[in-house]
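Okay, work_8.cif now, which holds mmCIF, C-alpha atoms and all ligand atoms:
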```
data_target
#
loop_
_atom_site.group_PDB
_atom_site.id
_atom_site.type_symbol
_atom_site.label_atom_id
_atom_site.label_comp_id
_atom_site.auth_asym_id
_atom_site.auth_seq_id
_atom_site.Cartn_x
_atom_site.Cartn_y
_atom_site.Cartn_z
ATOM 1 C CA MET A 1 17.103 39.877 -0.403
ATOM 2 C CA LYS A 2 20.447 41.110 -1.724
ATOM 3 C CA ILE A 3 23.502 39.449 -0.197
ATOM 4 C CA GLN A 4 25.249 42.830 0.192
ATOM 5 C CA GLU A 5 22.337 43.991 2.371
ATOM 6 C CA ILE A 6 23.322 41.349 4.900
ATOM 7 C CA PHE A 7 26.691 42.982 5.543
ATOM 8 C CA LYS A 8 25.003 46.337 6.054
ATOM 9 C CA ASN A 9 22.531 44.699 8.414
ATOM 10 C CA ASN A 10 25.425 43.102 10.250
ATOM 11 C CA GLN A 11 27.121 46.471 10.810
ATOM 12 C CA ASN A 12 23.841 47.964 12.039
ATOM 13 C CA TRP A 13 23.449 45.054 14.430
ATOM 14 C CA ILE A 14 27.002 45.522 15.756
ATOM 15 C CA ASP A 15 26.317 49.235 16.334
ATOM 16 C CA ARG A 16 23.047 48.447 18.113
ATOM 17 C CA LYS A 17 24.616 45.812 20.359
ATOM 18 C CA LEU A 18 27.548 48.072 21.292
ATOM 19 C CA ASN A 19 25.139 50.876 21.992
ATOM 20 C CA GLU A 20 23.284 48.650 24.458
ATOM 21 C CA ASN A 21 26.462 47.232 25.982
ATOM 22 C CA ALA A 22 29.925 48.449 25.007
ATOM 23 C CA ARG A 23 31.479 45.142 26.146
ATOM 24 C CA PHE A 24 28.965 42.862 24.366
ATOM 25 C CA PHE A 25 31.445 41.271 21.937
ATOM 26 C CA GLU A 26 34.260 41.236 24.474
ATOM 27 C CA ASN A 27 32.052 39.177 26.787
ATOM 28 C CA LEU A 28 30.745 37.020 23.929
ATOM 29 C CA SER A 29 34.258 36.091 22.806
ATOM 30 C CA LYS A 30 35.306 34.778 26.224
ATOM 31 C CA ASP A 31 33.369 31.506 26.296
ATOM 32 C CA GLN A 32 29.946 29.969 25.822
ATOM 33 C CA ASN A 33 27.891 28.721 28.726
ATOM 34 C CA PRO A 34 24.375 28.060 27.396
ATOM 35 C CA ASP A 35 21.773 26.394 29.643
ATOM 36 C CA ILE A 36 19.682 25.097 26.758
ATOM 37 C CA LEU A 37 20.203 22.744 23.834
ATOM 38 C CA TYR A 38 17.533 23.500 21.218
ATOM 39 C CA ILE A 39 16.794 20.924 18.517
ATOM 40 C CA GLY A 40 14.444 22.422 15.939
ATOM 41 C CA CYS A 41 13.400 22.377 12.294
ATOM 42 C CA SER A 42 15.451 24.041 9.531
ATOM 43 C CA ASP A 43 12.303 25.905 8.383
ATOM 44 C CA SER A 44 13.243 29.553 7.725
ATOM 45 C CA ARG A 45 10.237 30.791 9.715
ATOM 46 C CA VAL A 46 11.259 29.064 12.935
ATOM 47 C CA SER A 47 14.400 30.829 14.127
ATOM 48 C CA ALA A 48 15.637 29.481 17.431
ATOM 49 C CA GLU A 49 16.772 32.455 19.529
ATOM 50 C CA GLU A 50 14.406 35.066 18.128
ATOM 51 C CA LEU A 51 11.158 33.266 18.943
ATOM 52 C CA MET A 52 12.402 32.602 22.485
ATOM 53 C CA GLY A 53 13.516 36.202 22.966
ATOM 54 C CA LEU A 54 17.093 35.056 23.658
ATOM 55 C CA SER A 55 20.493 36.300 22.503
ATOM 56 C CA PRO A 56 23.763 34.912 21.164
ATOM 57 C CA GLY A 57 25.383 32.790 23.870
ATOM 58 C CA ASP A 58 22.077 31.633 25.395
ATOM 59 C CA VAL A 59 21.271 28.534 23.339
ATOM 60 C CA PHE A 60 23.207 25.685 21.720
ATOM 61 C CA VAL A 61 21.323 24.965 18.497
ATOM 62 C CA HIS A 62 20.843 22.047 16.155
ATOM 63 C CA ARG A 63 18.391 22.237 13.268
ATOM 64 C CA ASN A 64 17.432 19.747 10.579
ATOM 65 C CA ILE A 65 14.366 18.883 8.508
ATOM 66 C CA ALA A 66 11.498 18.155 10.924
ATOM 67 C CA ASN A 67 13.641 18.315 14.105
ATOM 68 C CA MET A 68 14.629 14.661 14.021
ATOM 69 C CA VAL A 69 16.870 12.823 16.488
ATOM 70 C CA SER A 70 18.096 9.850 14.502
ATOM 71 C CA ASN A 71 20.546 7.524 16.241
ATOM 72 C CA ILE A 72 22.590 7.106 13.064
ATOM 73 C CA ASP A 73 22.835 10.864 12.408
ATOM 74 C CA LEU A 74 26.359 11.634 13.581
ATOM 75 C CA SER A 75 25.605 15.368 13.511
ATOM 76 C CA VAL A 76 22.708 15.424 15.992
ATOM 77 C CA MET A 77 24.284 12.735 18.193
ATOM 78 C CA SER A 78 27.529 14.747 18.404
ATOM 79 C CA VAL A 79 25.600 17.901 19.258
ATOM 80 C CA ILE A 80 23.744 16.125 22.083
ATOM 81 C CA ASP A 81 26.960 14.561 23.374
ATOM 82 C CA TYR A 82 28.861 17.866 23.367
ATOM 83 C CA ALA A 83 25.972 19.819 24.905
ATOM 84 C CA VAL A 84 25.447 17.338 27.734
ATOM 85 C CA ILE A 85 29.004 16.294 28.578
ATOM 86 C CA TYR A 86 31.009 19.464 27.904
ATOM 87 C CA LEU A 87 28.552 22.369 28.045
ATOM 88 C CA LYS A 88 26.516 20.657 30.775
ATOM 89 C CA VAL A 89 23.237 22.153 29.562
ATOM 90 C CA LYS A 90 20.350 21.981 32.029
ATOM 91 C CA HIS A 91 17.588 21.623 29.450
ATOM 92 C CA ILE A 92 17.178 19.907 26.083
ATOM 93 C CA VAL A 93 14.298 21.221 23.995
ATOM 94 C CA VAL A 94 12.907 19.471 20.942
ATOM 95 C CA CYS A 95 10.789 22.068 19.141
ATOM 96 C CA GLY A 96 8.546 21.162 16.219
ATOM 97 C CA HIS A 97 6.222 23.491 14.369
ATOM 98 C CA TYR A 98 2.841 23.333 12.666
ATOM 99 C CA ASP A 99 2.864 23.634 8.879
ATOM 100 C CA CYS A 100 6.095 21.599 8.804
ATOM 101 C CA GLY A 101 7.023 20.702 5.208
ATOM 102 C CA GLY A 102 8.982 17.638 6.339
ATOM 103 C CA VAL A 103 6.055 16.213 8.294
ATOM 104 C CA LYS A 104 3.673 17.030 5.423
ATOM 105 C CA ALA A 105 5.937 15.269 2.929
ATOM 106 C CA ALA A 106 6.044 12.184 5.158
ATOM 107 C CA MET A 107 2.223 12.069 5.074
ATOM 108 C CA LYS A 108 2.253 11.695 1.280
ATOM 109 C CA SER A 109 3.119 8.470 -0.505
ATOM 110 C CA GLU A 110 5.448 10.221 -2.906
ATOM 111 C CA ASP A 111 8.992 9.222 -3.898
ATOM 112 C CA MET A 112 11.121 12.130 -2.627
ATOM 113 C CA GLY A 113 14.541 10.777 -3.656
ATOM 114 C CA ILE A 114 17.320 11.427 -1.150
ATOM 115 C CA LEU A 115 14.717 12.649 1.355
ATOM 116 C CA ASN A 116 13.108 9.171 1.510
ATOM 117 C CA PRO A 117 15.324 7.718 4.266
ATOM 118 C CA TRP A 118 15.012 10.889 6.328
ATOM 119 C CA LEU A 119 11.232 11.084 5.983
ATOM 120 C CA ARG A 120 10.959 7.386 6.796
ATOM 121 C CA ASN A 121 11.798 8.263 10.408
ATOM 122 C CA ILE A 122 8.627 10.384 10.483
ATOM 123 C CA ARG A 123 6.629 7.609 8.818
ATOM 124 C CA ASP A 124 7.830 5.336 11.641
ATOM 125 C CA VAL A 125 6.313 7.803 14.126
ATOM 126 C CA TYR A 126 3.052 7.626 12.158
ATOM 127 C CA ARG A 127 3.124 3.823 12.307
ATOM 128 C CA LEU A 128 3.688 3.868 16.090
ATOM 129 C CA HIS A 129 0.640 6.140 16.533
ATOM 130 C CA LYS A 130 -1.446 4.865 13.616
ATOM 131 C CA LYS A 131 -4.497 4.050 15.759
ATOM 132 C CA GLU A 132 -4.828 7.597 17.084
ATOM 133 C CA LEU A 133 -3.928 9.337 13.805
ATOM 134 C CA ASN A 134 -6.292 7.274 11.657
ATOM 135 C CA LEU A 135 -9.209 8.466 13.802
ATOM 136 C CA ILE A 136 -8.518 12.079 12.757
ATOM 137 C CA HIS A 137 -10.143 12.777 9.378
ATOM 138 C CA ASP A 138 -9.330 16.483 9.029
ATOM 139 C CA GLN A 139 -5.951 16.515 7.247
ATOM 140 C CA ASN A 140 -4.781 19.712 8.937
ATOM 141 C CA LEU A 141 -5.611 18.412 12.413
ATOM 142 C CA LYS A 142 -3.952 15.094 11.562
ATOM 143 C CA HIS A 143 -0.825 16.984 10.454
ATOM 144 C CA LYS A 144 -0.788 19.008 13.684
ATOM 145 C CA ARG A 145 -1.121 15.887 15.805
ATOM 146 C CA LEU A 146 1.673 14.150 13.887
ATOM 147 C CA VAL A 147 3.898 17.204 14.484
ATOM 148 C CA GLU A 148 3.208 16.840 18.235
ATOM 149 C CA LEU A 149 3.706 13.068 18.282
ATOM 150 C CA ASN A 150 6.919 13.475 16.295
ATOM 151 C CA VAL A 151 8.248 15.903 18.933
ATOM 152 C CA GLN A 152 7.304 13.381 21.622
ATOM 153 C CA GLU A 153 9.105 10.533 19.853
ATOM 154 C CA GLN A 154 12.202 12.665 19.208
ATOM 155 C CA CYS A 155 12.276 13.565 22.915
ATOM 156 C CA LEU A 156 12.237 9.845 23.665
ATOM 157 C CA ASN A 157 15.066 9.368 21.158
ATOM 158 C CA VAL A 158 17.054 11.970 23.114
ATOM 159 C CA LEU A 159 16.354 9.996 26.291
ATOM 160 C CA LYS A 160 17.553 6.746 24.741
ATOM 161 C CA THR A 161 21.174 7.978 24.738
ATOM 162 C CA ALA A 162 23.440 6.948 27.604
ATOM 163 C CA GLU A 163 24.919 10.392 28.332
ATOM 164 C CA VAL A 164 21.431 11.925 28.577
ATOM 165 C CA GLN A 165 20.194 9.185 30.921
ATOM 166 C CA LYS A 166 23.234 9.734 33.152
ATOM 167 C CA ALA A 167 22.737 13.523 33.225
ATOM 168 C CA VAL A 168 19.004 13.116 33.967
ATOM 169 C CA ARG A 169 19.880 10.808 36.897
ATOM 170 C CA GLU A 170 22.835 12.717 38.295
ATOM 171 C CA ASP A 171 22.517 16.379 37.275
ATOM 172 C CA GLY A 172 18.778 16.910 36.935
ATOM 173 C CA LEU A 173 18.899 17.473 33.152
ATOM 174 C CA ARG A 174 15.372 18.042 31.837
ATOM 175 C CA ILE A 175 13.885 17.329 28.408
ATOM 176 C CA HIS A 176 11.077 19.451 26.962
ATOM 177 C CA GLY A 177 8.808 18.953 23.944
ATOM 178 C CA TRP A 178 7.501 22.154 22.378
ATOM 179 C CA VAL A 179 5.644 23.185 19.245
ATOM 180 C CA PHE A 180 5.867 26.593 17.582
ATOM 181 C CA ASP A 181 2.479 27.666 16.228
ATOM 182 C CA ILE A 182 3.407 29.755 13.184
ATOM 183 C CA GLU A 183 -0.096 31.235 12.826
ATOM 184 C CA SER A 184 -0.073 32.826 16.291
ATOM 185 C CA GLY A 185 3.674 32.979 16.992
ATOM 186 C CA LYS A 186 3.100 31.087 20.241
ATOM 187 C CA LEU A 187 5.398 28.470 21.722
ATOM 188 C CA LEU A 188 3.313 25.592 23.081
ATOM 189 C CA ASP A 189 4.671 23.315 25.797
ATOM 190 C CA LEU A 190 3.389 19.790 25.118
ATOM 191 C CA ASN A 191 3.921 18.990 28.823
ATOM 192 C CA ILE A 192 5.091 15.508 27.957
ATOM 193 C CA ASN A 193 4.967 13.228 30.971
ATOM 194 C CA PHE A 194 8.488 11.862 30.830
ATOM 195 C CA LYS A 195 8.198 9.985 34.081
ATOM 196 C CA LYS A 196 5.410 7.854 32.631
ATOM 197 C CA ASP A 197 7.105 7.549 29.227
ATOM 198 C CA LEU A 198 10.472 6.860 30.801
ATOM 199 C CA GLU A 199 9.124 4.010 32.845
ATOM 200 C CA ASN A 200 7.573 2.591 29.691
ATOM 201 C CA ILE A 201 10.748 2.688 27.624
ATOM 202 C CA MET A 202 13.428 2.186 30.259
ATOM 203 C CA GLU A 203 12.753 -1.523 30.481
ATOM 204 C CA ILE A 204 14.191 -1.666 26.962
ATOM 205 C CA TYR A 205 16.546 1.314 26.703
ATOM 206 C CA HIS A 206 18.076 1.618 30.173
ATOM 207 C CA LEU A 207 21.870 2.070 30.006
ATOM 208 C CA ASP A 208 24.186 2.231 33.015
HETATM 209 CO CO CO B 1 9.569 21.975 9.559
#
```
Structure translated into structure tokens:
Amino acid sequence: MKIQEIFKNNQNWIDRKLNENARFFENLSKDQNPDILYIGCSDSRVSAEELMGLSPGDVFVHRNIANMVSNIDLSVMSVIDYAVIYLKVKHIVVCGHYDCGGVKAAMKSEDMGILNPWLRNIRDVYRLHKKELNLIHDQNLKHKRLVELNVQEQCLNVLKTAEVQKAVREDGLRIHGWVFDIESGKLLDLNINFKKDLENIMEIYHLD
């Protein structure tokens, strides 16, 4: 990929968009009013809007290695805060994906330098679900299940924040856990039962 190609692509994209709707950029420049906050992996194969068939202006996006929601990561916490309080999004999606390099790295006992503290958050998910994961002997299936459980735990991390709890109570904000299956291109809804999980964790994390 040549960098100069990107500017040509950009001009082609502008032409295409204006062809479809002459006021596309005029409308886009007015404001943003997305309904969805998408928290996904930085993996180059998992582009947020494209796999959902959505356009600029539709989704507020945060991406990092292995779609983590760490309470000491000022970046993701600011994104959640802004999306919920100011943009008033109706849905927060945490989207993982199979064949995730971050999750794979966390399954190895290898010193990864600066990545160690980040990957440790995924190892913590493994520890929480050790009983279930240790029963799976096929490494690929174990990886897939850890990807799913990691999405579930990151959804719970989203729910642990005060502004999210308030918006769930008062504005009907909904949280969704999804996985993108790279091999088929399909988005899978994990149908996480938040009512059950919420009741389990709220005893500890409830904030008024
Ligand atoms: Co990944």
- Task: Given the file shown, determine the residues that the PyMOL selection byres (((chain A and resi 143) around 12) and not hetatm) selects; report them as a ChimeraX atom specification.
- Result: /A:96-108,122,126,133-134,136-142,144-150
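Closest approach to Ile92 (chain A) from the set A:Leu207, A:Ile80, A:Val151, A:Leu188 is made by A:Ile80, with distances taken over only C-alpha atoms.
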Against region 40-48 of chain A, which residues of region 121-193 of chain A fall within 10 Å? For each one I want the closest pair of atoms and the distance in Å (one decimal), counting all atoms listed in the file, rows by chain and increasing residue number, as JSON lines.
```
{"residue": "A:Val151", "atom": "CA", "partner": "A:Gly40", "partner_atom": "CA", "distance": 9.5}
{"residue": "A:Trp178", "atom": "CA", "partner": "A:Gly40", "partner_atom": "CA", "distance": 9.5}
{"residue": "A:Val179", "atom": "CA", "partner": "A:Gly40", "partner_atom": "CA", "distance": 9.4}
{"residue": "A:Phe180", "atom": "CA", "partner": "A:Val46", "partner_atom": "CA", "distance": 7.5}
{"residue": "A:Asp181", "atom": "CA", "partner": "A:Val46", "partner_atom": "CA", "distance": 9.5}
{"residue": "A:Ile182", "atom": "CA", "partner": "A:Arg45", "partner_atom": "CA", "distance": 7.7}
{"residue": "A:Gly185", "atom": "CA", "partner": "A:Val46", "partner_atom": "CA", "distance": 9.5}
```
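What the PyMOL selection byres (((chain A and resi 208) around 10) and not hetatm) picks from this file is Ala162, Glu163, Gln165, Lys166, Tyr205, His206 and Leu207 of chain A.
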Dump C-alpha atoms for the selected residues as an mmCIF file, keeping the file's coordinate frame?
```cif
data_model
loop_
_atom_site.group_PDB
_atom_site.id
_atom_site.type_symbol
_atom_site.label_atom_id
_atom_site.label_comp_id
_atom_site.auth_asym_id
_atom_site.auth_seq_id
_atom_site.Cartn_x
_atom_site.Cartn_y
_atom_site.Cartn_z
ATOM 1 C CA ALA A 162 23.440 6.948 27.604
ATOM 2 C CA GLU A 163 24.919 10.392 28.332
ATOM 3 C CA GLN A 165 20.194 9.185 30.921
ATOM 4 C CA LYS A 166 23.234 9.734 33.152
ATOM 5 C CA TYR A 205 16.546 1.314 26.703
ATOM 6 C CA HIS A 206 18.076 1.618 30.173
ATOM 7 C CA LEU A 207 21.870 2.070 30.006
#
```
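For the choices A:Asn12, A:Asn64, A:Asn200, A:Asn121, the atom-to-atom distance to ligand CO 1 (chain B) is smallest for A:Asn64 when using all atoms listed in the file.
Our summary of the geometry notes that CA of Glu132 (chain A) is positioned 25.6 Å from CA of Leu115 (chain A).
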- Message: Would you compute the distance between CA of Val79 (chain A) and CA of Leu37 (chain A)? Give it in Å to one decimal.
- Response: 8.6 Å
- Starting from the displayed file, determine the output of the PyMOL selection byres (((chain A and resi 83) around 10) and not hetatm) and express the residue list as a count of residues only. 24
Once you add 3 Å to each side, what are the centre and edge lengths of the axis-aligned box holding all listed atoms of region 173-192 of chain A? One decimal in Å, as lines of an AutoDock Vina configuration file, if you can.
```
center_x = 9.4
center_y = 24.2
center_z = 23.0
size_x = 25.0
size_y = 23.5
size_z = 26.3
```
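Note that the spacing between CA of Val69 (chain A) and CA of Asn116 (chain A) amounts to 15.9 Å.
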- Nearest to ligand CO 1 (chain B) among A:Ser184, A:Asn67, A:Asn157, A:Ser29, with distances taken over only C-alpha atoms and all ligand atoms: which residue is it? A:Asn67
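Selection around (3.1, 9.1, 20.6) with radius 8 Å, counting all atoms listed in the file, yields the residues Val125, Leu128, His129, Leu149, Asn150, Gln152 and Glu153 of chain A.
Closest to ligand CO 1 (chain B) among A:Asn191, A:Lys130, A:Ile39, A:Ala167 is A:Ile39, based on all atoms listed in the file.
Each of A:Ala66, A:Asp124, A:Ile72, A:Met1 was checked against ligand CO 1 (chain B) using only C-alpha atoms and all ligand atoms; the smallest atom-to-atom distance is that of A:Ala66.
Compared by their closest atoms to ligand CO 1 (chain B), and using only C-alpha atoms and all ligand atoms, the residues A:Arg63, A:Arg16, A:Arg123, A:Lys2 rank with A:Arg63 nearest.
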